[in-house]
Amino acid sequence: MKKTVTKIYYTLLLAGIGLTTFAQTARVTGKLVNDQGVKLDYATVSILKATDSTVIKGALTNNAGVYIFDNIKPGDYIVKATNVGYTKAASATFTVTADKGDLTVPDLKMSANVKTLNTVNITSTKPLIERKIDRTVMNVENSVLAAGNTAMEILERAPGVTIDKDDNISLKGKQGVTVMINDKLTYLSPAQLATLLRSTDGTTIQSIEIISNPSAKYDAAGNSGIINIKLKKNKQNGTNGSLTAAVASASRLRESQNLNINHKEGNLNIFGLLSHGDIPNYQRMDLNRKTVDAGNNTYFRQEASSPQVYHYNNFKLGADLDVTKNNTVGVVISGNSNKEKDLNNNFTKIGQSMNTVDSALNTSSEIRQTFSNLAVNFNDRLQLDTLGQTLSADLDYSKFKNNSKASYNTDYYLPDGTIQHAPELLRNETPSDIEIYSAKADYAKPLSKTVKIETGAKFSSVKTDNDLRAGKFNGADFVNDTTRSNRFIYTEKITAGYFNINKQYKNGSVQLGLRAEYTQSNGNLLGSTPVDRSYLNFFPSLFINQTLNSKNEFNFSFSRRIDRPNYSELNPFVYYLDPYTFSKGNAFLKPQYTNNFELGYVYNKTIDVNFGYSHTTDANIEIILTQGKKSFQTNLNLATQTNYNVNIFSPYTIAKWWTGNANLNGFYTKFKADSINGHNIDNGTAAFVFKTTQTFLFGTFKGEVSLNYSSRMTYGIYEMHDRKSIDAAVSQTFADKKFNVKFGVDDVFNLRRNDLDSHELGNDFSIRQKRDSRVYRLTVTYNFGNAKIKQREHRTGAEEEAGRAGGGN
């Protein structure tokens with residue numbers, strides 16, 4: 001079956017490549033870019049007679065920055081372009097002849113509009129939130145609130161995004177988000193992804209892209225879409241860069257430093273990044289629960305405190321070489337060496353009622369984790385002609401080495417506080433190795449002035465090796481605990497191919513795509529029967545865009561998605577919080593499949609309204625089950641998950657010095673499952689998330705205030721309480737823009753909490769959790785070198801797999 005599918009795919013691939021371009025005459029096309037080489041969409045372009053400047057036609061650039069004028073008669077012409085926030089641009093005079101065919105105007109570069117008023121420079125910048133045709137972009141590098149924050153803290157402010165008590169990321173009320181960094185999947189479990197994001201300095205981030213319904217070109221993983229974090233990378237002439245230092249104060253002092261540098265000379269550009277940080281944190285959690293065993297009630301009142309500290313050291317080194325004007329090759333080497341230390345103290349009172357104590361126990365633990373990673377990417381970009389025919393290829397290799405050493409000390413007490421017996425002493429060591437290989441190629445070809453095809457293939461191979469070495473104290477020494485020690489090896493190979501065809505109309509466009517992915521996986525818990533799986537899936541997608549007039553635009557999209565269980569969810573190891581509370585994986589988890597539909601309306605390119613519906617089968621949900629007096633956390637496949645959502649976004653201007661944006665996301669999520677632990681699940685609630693950011697400009701000062709509010713909501717078995725916070729920051733630039741100082745306060749009123757309850761599946765518990773949320777930050781940035789920027793960005797091949805493996809940053 002695999003060989004047949006492969007033959008069919010490559011036959012289609014070769015047939016697509018073999019199609020020839022239809023010759024057209026008197027068509028004028030070109031592209032608009034800014035000083036950084038970034039494509040400018042929705043800019044106004046006109047073609048004029050060179051003799052008397054008579055306007056012949058007008059057009060808007062598309063999302064690739066391209067404009068097209070059809071049926072242009074022979075003669076001499078110029079092209080002029082205007083765009084908000086940029087100076088006007090005009091081409092040199094060119095000549096159209098009847099026998100010349102298509103004519104491509106050299107790229108027009110538009111510079112940011114800078115006006116001098118009383119020696120004060122006012123430079124236009126991108127808005128904090130931009131809504132594009134297929135994604136929402138959060139321009140982090142322009143935000144004062146981003147300074148001194150980590151990627152996780154910044155992501156909490158992104159439109160439609162919520163993060164729960166365990167750092168699981170949801171988009172529009174749905175979990176299952178695929179997180180990419182520089183178009184590259186991270187291959188991390190949710191906990192390890194959280195560590196990565198907490199260890200990523202916000203000053204290294206350029207933007208965050210939110211793609212709720214990706215096309216067939218992207219990996220099919222992620223039922224609620226893709227969040228792509230774009231790190232800063234520039235190609236300035238000469239030697240230049242920036243140095244950033246930040247300090248922050250919460251329960252303890254935090255600090256971070258970042259150096260971003262590049263050198264461009266001729267056809268060669270070399271760039272590098274170094275970052276270091278020490279990020280302590282503190283959280284307190286109260287857990288009250290009731291269990292019923294043989295008709296008897298037992299009440300547990302747990303109080304846990306957890307001081308934590310993350311130490312991160314990250315680097316990136318790369319080079320791009322323009323072999324010819326149409327061919328660029330590059331290499332990127334990145335890595336990290338990070339550490340985490342958790343000190344947990346968990347005191348539990350046990351009784352027959354909430355007001356009585358029959359016994360107690362105290363579990364103190366120390367967990368030391370190390371994460372190291374080395375990744376190498378080779379890439380090649382080839383522009384085959386001036387009409388948009390391109391070919392690109394990526395080769396990726398990543399190696400993660402992680403280790404966790406944990407010690408647990410449990411004391412048991414009588415009601416009067418005396419110790420019952422000798423303490424229980426446990427140790428765990430969990431080394432984990434992950435190796436990833438990935439290769440991909442993408443080809444794009446315009447078949448005519450209105451039709452374009454894209455096709456490509458990708459192969460990825462992942463192997464994870466997790467070894468749990470558990471020990472218990474026998475009164476004299478630690479010996480191997482055979483009841484808990486084990487080793488879990490997981491391998492996964494995915495072969496994929498896709499085909500997209502896009503047709504442009506006078507006032508709209510249609511894109512149809514199909515992606516095929518063949519998955520082979522093996523989960524082997526030593527001493528148990530391996531779990532082998534192989535399956536072939538097809539993922540169709542459809543995108544329709546229709547512009548009614550200059551102020552009204554509609555769009556519709558559909559895509560089918562998959563979420564394969566991440567490697568930590570499959571790992572059946574048991575991890576204890578205390579003798580009555582633990583977590584374990586489920587080697588028999590199946591992939592979940594989702595059909596996503598979205599209908600959008602855009603008014604005046606500012607007010608964006610989006611309606612969404614999705615239906616998921618075999619929904620992979622985190623649950624808590626109770627067996628006797630013990631409760632444990634695991635993941636199971638529920639029958640279905642259904643989501644309805646509406647998202648409204650709009651930027652606005654109140655005054656020249658006051659702009660803002662508002663985002664309201666409302667959703668209803670319903671879960672359904674039968675016969676889990678003797679109970680059924682059939683629940684759903686309506687909820688909403690509201691976020692708004694206000695930006696103020698006063699001379700060289702810039703201020704931002706952000707408000708976030710999430711209403712109460714139900715997700716799976718959890719009833720989550722409302723969450724709210726207000727953040728504020730101010731910055732000033734001086735010394736000819738070489739220095740920038742930012743001061744900010746996160747959660748000004750210290751309101752942010754993570755509280756929840758559960759009364760499903762026989763559970764009866766409540767969790768009250770508070771982390772360090774009010775943080776005072778001071779950040780200083782020094783920019784040096786040349787200010788003329790020419791930028792190139794590229795996607796790498798190892799995209800989906802890194803989102804589900806293991807390792808820190």
# chains A, B, ... in the order shown; residues from 1 in each chain; ligands from 1

call {"tool": "residues_around", "arguments": {"residues": "range 724-729 of chain A", "least_positions_apart": "2", "cutoff": "7 Å", "atoms": "only C-alpha atoms", "output": "ChimeraX atom specification"}}
result
/A:144-145,703-710,722,731,743-748,751-752

call {"tool": "atom_distance", "arguments": {"atom1": "CA of Asp411 in chain A", "atom2": "CA of Asn345 in chain A"}}
result
11.4 Å

call {"tool": "residues_around", "arguments": {"residues": "range 500-510 of chain A", "least_positions_apart": "4", "cutoff": "8 Å", "atoms": "only C-alpha atoms", "output": "mmCIF file with C-alpha atoms, in the first residue's frame"}}
result
data_model
loop_
_atom_site.group_PDB
_atom_site.id
_atom_site.type_symbol
_atom_site.label_atom_id
_atom_site.label_comp_id
_atom_site.auth_asym_id
_atom_site.auth_seq_id
_atom_site.Cartn_x
_atom_site.Cartn_y
_atom_site.Cartn_z
ATOM 1 C CA ALA A 216 -1.986 21.425 3.056
ATOM 2 C CA LYS A 217 1.575 22.772 2.894
ATOM 3 C CA THR A 450 -4.108 33.472 -12.285
ATOM 4 C CA VAL A 451 -3.235 29.851 -11.510
ATOM 5 C CA LYS A 452 -0.439 28.599 -9.270
ATOM 6 C CA ILE A 453 0.460 25.154 -7.980
ATOM 7 C CA GLU A 454 2.491 24.130 -4.917
ATOM 8 C CA THR A 455 3.706 20.630 -4.175
ATOM 9 C CA LEU A 514 -4.594 17.666 -0.315
ATOM 10 C CA LEU A 542 -10.204 24.424 0.939
ATOM 11 C CA PHE A 543 -9.830 28.214 1.092
ATOM 12 C CA ILE A 544 -12.169 30.708 -0.590
ATOM 13 C CA ASN A 545 -11.743 34.474 -0.489
ATOM 14 C CA GLN A 546 -14.220 36.926 -2.049
ATOM 15 C CA THR A 547 -13.922 40.727 -2.069
ATOM 16 C CA LEU A 548 -17.272 42.428 -2.607
#

call {"tool": "closest_atom_pairs", "arguments": {"of": "range 213-284 of chain A", "to": "range 290-312 of chain A", "cutoff": "12 Å", "atoms": "only C-alpha atoms", "output": "Markdown table"}}
result
| residue | atom | partner | partner_atom | distance |
| --- | --- | --- | --- | --- |
| A:Ser251 | CA | A:Pro307 | CA | 9.4 |
| A:Arg252 | CA | A:Val309 | CA | 9.7 |
| A:Leu253 | CA | A:Val309 | CA | 10.6 |
| A:Arg254 | CA | A:Val309 | CA | 9.4 |
| A:Glu255 | CA | A:His311 | CA | 10.0 |
| A:Ser256 | CA | A:Tyr312 | CA | 9.1 |
| A:Gln257 | CA | A:Tyr312 | CA | 10.4 |
| A:Asn258 | CA | A:Tyr312 | CA | 11.3 |
| A:Leu274 | CA | A:Tyr312 | CA | 10.5 |
| A:Ser275 | CA | A:Tyr312 | CA | 7.7 |
| A:His276 | CA | A:Tyr312 | CA | 5.5 |
| A:Gly277 | CA | A:Tyr312 | CA | 5.3 |
| A:Asp278 | CA | A:His311 | CA | 4.6 |
| A:Ile279 | CA | A:Tyr310 | CA | 5.0 |
| A:Pro280 | CA | A:Val309 | CA | 3.8 |
| A:Asn281 | CA | A:Gln308 | CA | 5.0 |
| A:Tyr282 | CA | A:Pro307 | CA | 4.3 |
| A:Gln283 | CA | A:Ser306 | CA | 5.3 |
| A:Arg284 | CA | A:Ser305 | CA | 4.5 |

call {"tool": "write_last_selection", "arguments": {"atoms": "N, CA and C atoms", "output": "PDB file, in the first residue's frame"}}
result
ATOM      1  N   SER A 251       8.967  37.079  43.713  1.00  0.00           N
ATOM      2  CA  SER A 251       9.347  36.586  45.035  1.00  0.00           C
ATOM      3  C   SER A 251      10.859  36.556  45.173  1.00  0.00           C
ATOM      4  N   ARG A 252      11.547  36.429  44.029  1.00  0.00           N
ATOM      5  CA  ARG A 252      13.006  36.478  43.991  1.00  0.00           C
ATOM      6  C   ARG A 252      13.436  37.263  42.767  1.00  0.00           C
ATOM      7  N   LEU A 253      14.724  37.602  42.731  1.00  0.00           N
ATOM      8  CA  LEU A 253      15.257  38.406  41.635  1.00  0.00           C
ATOM      9  C   LEU A 253      15.535  37.534  40.418  1.00  0.00           C
ATOM     10  N   ARG A 254      15.168  38.025  39.234  1.00  0.00           N
ATOM     11  CA  ARG A 254      15.436  37.346  37.973  1.00  0.00           C
ATOM     12  C   ARG A 254      16.383  38.199  37.133  1.00  0.00           C
ATOM     13  N   GLU A 255      17.140  37.541  36.246  1.00  0.00           N
ATOM     14  CA  GLU A 255      18.022  38.311  35.360  1.00  0.00           C
ATOM     15  C   GLU A 255      18.221  37.549  34.060  1.00  0.00           C
ATOM     16  N   SER A 256      18.488  38.299  32.983  1.00  0.00           N
ATOM     17  CA  SER A 256      18.741  37.696  31.675  1.00  0.00           C
ATOM     18  C   SER A 256      19.579  38.641  30.837  1.00  0.00           C
ATOM     19  N   GLN A 257      20.340  38.048  29.897  1.00  0.00           N
ATOM     20  CA  GLN A 257      21.151  38.813  28.954  1.00  0.00           C
ATOM     21  C   GLN A 257      21.010  38.176  27.577  1.00  0.00           C
ATOM     22  N   ASN A 258      21.126  39.014  26.557  1.00  0.00           N
ATOM     23  CA  ASN A 258      20.955  38.531  25.191  1.00  0.00           C
ATOM     24  C   ASN A 258      21.854  39.325  24.249  1.00  0.00           C
ATOM     25  N   LEU A 274      23.259  34.695  21.341  1.00  0.00           N
ATOM     26  CA  LEU A 274      23.586  34.117  22.637  1.00  0.00           C
ATOM     27  C   LEU A 274      22.601  34.656  23.663  1.00  0.00           C
ATOM     28  N   SER A 275      22.077  33.783  24.517  1.00  0.00           N
ATOM     29  CA  SER A 275      21.182  34.269  25.568  1.00  0.00           C
ATOM     30  C   SER A 275      21.389  33.443  26.829  1.00  0.00           C
ATOM     31  N   HIS A 276      21.248  34.108  27.955  1.00  0.00           N
ATOM     32  CA  HIS A 276      21.417  33.483  29.269  1.00  0.00           C
ATOM     33  C   HIS A 276      20.371  34.068  30.204  1.00  0.00           C
ATOM     34  N   GLY A 277      19.872  33.231  31.104  1.00  0.00           N
ATOM     35  CA  GLY A 277      18.906  33.733  32.060  1.00  0.00           C
ATOM     36  C   GLY A 277      18.779  32.845  33.280  1.00  0.00           C
ATOM     37  N   ASP A 278      18.413  33.464  34.394  1.00  0.00           N
ATOM     38  CA  ASP A 278      18.090  32.763  35.634  1.00  0.00           C
ATOM     39  C   ASP A 278      16.700  33.234  36.048  1.00  0.00           C
ATOM     40  N   ILE A 279      15.722  32.317  35.984  1.00  0.00           N
ATOM     41  CA  ILE A 279      14.325  32.692  36.191  1.00  0.00           C
ATOM     42  C   ILE A 279      13.746  31.888  37.352  1.00  0.00           C
ATOM     43  N   PRO A 280      13.822  32.391  38.581  1.00  0.00           N
ATOM     44  CA  PRO A 280      13.171  31.695  39.700  1.00  0.00           C
ATOM     45  C   PRO A 280      11.663  31.952  39.695  1.00  0.00           C
ATOM     46  N   ASN A 281      10.938  31.021  40.250  1.00  0.00           N
ATOM     47  CA  ASN A 281       9.488  31.156  40.331  1.00  0.00           C
ATOM     48  C   ASN A 281       9.013  30.486  41.622  1.00  0.00           C
ATOM     49  N   TYR A 282       7.810  30.799  42.001  1.00  0.00           N
ATOM     50  CA  TYR A 282       7.243  30.200  43.215  1.00  0.00           C
ATOM     51  C   TYR A 282       5.756  29.999  42.986  1.00  0.00           C
ATOM     52  N   GLN A 283       5.260  28.838  43.395  1.00  0.00           N
ATOM     53  CA  GLN A 283       3.820  28.625  43.326  1.00  0.00           C
ATOM     54  C   GLN A 283       3.330  27.909  44.582  1.00  0.00           C
ATOM     55  N   ARG A 284       2.109  28.209  44.924  1.00  0.00           N
ATOM     56  CA  ARG A 284       1.451  27.565  46.065  1.00  0.00           C
ATOM     57  C   ARG A 284       0.166  26.937  45.557  1.00  0.00           C
TER      58      ARG A 284
END

call {"tool": "atom_distance", "arguments": {"atom1": "CA of Gly523 in chain A", "atom2": "CA of Thr370 in chain A"}}
result
24.4 Å

call {"tool": "residues_around", "arguments": {"residues": "range 34-49 of chain A", "least_positions_apart": "6", "cutoff": "7 Å", "atoms": "only C-alpha atoms", "output": "JSON, numbers by chain"}}
result
{"A": [55, 56, 57, 58, 59, 60, 61, 62, 63, 64, 65, 76, 77, 78, 79, 80, 81, 82, 83, 109, 110, 111, 789, 790, 791]}

call {"tool": "write_last_selection", "arguments": {"atoms": "N, CA and C atoms", "output": "JSON list (two decimals), in the first residue's frame"}}
result
[["chain", "number", "residue", "atom", "x", "y", "z"],
["A", 55, "VAL", "N", -3.34, 58.06, -14.96],
["A", 55, "VAL", "CA", -3.51, 56.77, -14.30],
["A", 55, "VAL", "C", -4.29, 55.84, -15.22],
["A", 56, "ILE", "N", -3.71, 54.67, -15.53],
["A", 56, "ILE", "CA", -4.36, 53.69, -16.39],
["A", 56, "ILE", "C", -5.17, 52.69, -15.58],
["A", 57, "LYS", "N", -4.55, 52.15, -14.55],
["A", 57, "LYS", "CA", -5.21, 51.17, -13.70],
["A", 57, "LYS", "C", -4.68, 51.26, -12.28],
["A", 58, "GLY", "N", -5.45, 50.73, -11.35],
["A", 58, "GLY", "CA", -5.01, 50.62, -9.96],
["A", 58, "GLY", "C", -5.22, 49.21, -9.45],
["A", 59, "ALA", "N", -4.47, 48.84, -8.43],
["A", 59, "ALA", "CA", -4.58, 47.49, -7.87],
["A", 59, "ALA", "C", -4.06, 47.49, -6.44],
["A", 60, "LEU", "N", -4.36, 46.41, -5.71],
["A", 60, "LEU", "CA", -3.80, 46.17, -4.37],
["A", 60, "LEU", "C", -2.86, 44.98, -4.44],
["A", 61, "THR", "N", -1.77, 45.04, -3.70],
["A", 61, "THR", "CA", -0.88, 43.88, -3.65],
["A", 61, "THR", "C", -1.54, 42.76, -2.85],
["A", 62, "ASN", "N", -1.22, 41.51, -3.23],
["A", 62, "ASN", "CA", -1.76, 40.38, -2.50],
["A", 62, "ASN", "C", -0.90, 40.05, -1.29],
["A", 63, "ASN", "N", -1.18, 38.92, -0.63],
["A", 63, "ASN", "CA", -0.45, 38.62, 0.60],
["A", 63, "ASN", "C", 1.01, 38.28, 0.35],
["A", 64, "ALA", "N", 1.41, 38.13, -0.93],
["A", 64, "ALA", "CA", 2.82, 37.92, -1.27],
["A", 64, "ALA", "C", 3.49, 39.22, -1.71],
["A", 65, "GLY", "N", 2.75, 40.34, -1.58],
["A", 65, "GLY", "CA", 3.31, 41.63, -1.98],
["A", 65, "GLY", "C", 3.31, 41.85, -3.47],
["A", 76, "ASP", "N", 4.98, 53.61, -23.00],
["A", 76, "ASP", "CA", 5.92, 53.83, -21.90],
["A", 76, "ASP", "C", 5.14, 54.10, -20.63],
["A", 77, "TYR", "N", 5.54, 53.44, -19.51],
["A", 77, "TYR", "CA", 4.79, 53.52, -18.28],
["A", 77, "TYR", "C", 5.73, 53.63, -17.08],
["A", 78, "ILE", "N", 5.10, 54.04, -15.95],
["A", 78, "ILE", "CA", 5.75, 53.95, -14.64],
["A", 78, "ILE", "C", 4.75, 53.37, -13.65],
["A", 79, "VAL", "N", 5.24, 52.78, -12.58],
["A", 79, "VAL", "CA", 4.40, 52.24, -11.53],
["A", 79, "VAL", "C", 4.66, 53.03, -10.26],
["A", 80, "LYS", "N", 3.58, 53.44, -9.59],
["A", 80, "LYS", "CA", 3.70, 54.15, -8.32],
["A", 80, "LYS", "C", 2.96, 53.37, -7.24],
["A", 81, "ALA", "N", 3.48, 53.44, -6.00],
["A", 81, "ALA", "CA", 2.88, 52.70, -4.89],
["A", 81, "ALA", "C", 2.79, 53.58, -3.66],
["A", 82, "THR", "N", 1.71, 53.39, -2.91],
["A", 82, "THR", "CA", 1.53, 54.08, -1.64],
["A", 82, "THR", "C", 1.07, 53.05, -0.61],
["A", 83, "ASN", "N", 1.44, 53.29, 0.64],
["A", 83, "ASN", "CA", 1.05, 52.41, 1.73],
["A", 83, "ASN", "C", 1.12, 53.20, 3.03],
["A", 109, "LYS", "N", 11.01, 49.19, -3.45],
["A", 109, "LYS", "CA", 11.27, 49.23, -2.01],
["A", 109, "LYS", "C", 10.63, 50.47, -1.41],
["A", 110, "MET", "N", 9.90, 50.27, -0.30],
["A", 110, "MET", "CA", 9.24, 51.37, 0.38],
["A", 110, "MET", "C", 9.87, 51.52, 1.76],
["A", 111, "SER", "N", 10.23, 52.74, 2.09],
["A", 111, "SER", "CA", 10.87, 53.03, 3.38],
["A", 111, "SER", "C", 9.83, 53.51, 4.38],
["A", 789, "ILE", "N", 18.82, 47.40, 6.53],
["A", 789, "ILE", "CA", 18.52, 45.99, 6.75],
["A", 789, "ILE", "C", 18.04, 45.35, 5.46],
["A", 790, "LYS", "N", 18.52, 44.14, 5.21],
["A", 790, "LYS", "CA", 18.00, 43.32, 4.14],
["A", 790, "LYS", "C", 17.82, 41.92, 4.70],
["A", 791, "GLN", "N", 16.62, 41.47, 4.75],
["A", 791, "GLN", "CA", 16.31, 40.27, 5.51],
["A", 791, "GLN", "C", 15.87, 39.13, 4.62]]

call {"tool": "closest_residue", "arguments": {"among": "A:Asp219, A:Lys458, A:Ser372, A:Lys339", "to": "Arg564 in chain A", "atoms": "only C-alpha atoms"}}
result
A:Asp219

call {"tool": "select_by_dssp", "arguments": {"residues": "range 259-462 of chain A", "states": "strand (DSSP E)", "output": "PyMOL selection string"}}
result
chain A and resi 259-265+268-293+296-324+327-351+359-383+390-413+424-429+432-446+451-462

call {"tool": "closest_residue", "arguments": {"among": "A:Asn362, A:Ser614, A:Thr581, A:Thr606", "to": "Phe632 in chain A", "atoms": "only C-alpha atoms"}}
result
A:Thr581

call {"tool": "closest_residue", "arguments": {"among": "A:Thr87, A:Ser215, A:Pro159, A:Asn637", "to": "Gly666 in chain A", "atoms": "only C-alpha atoms"}}
result
A:Pro159
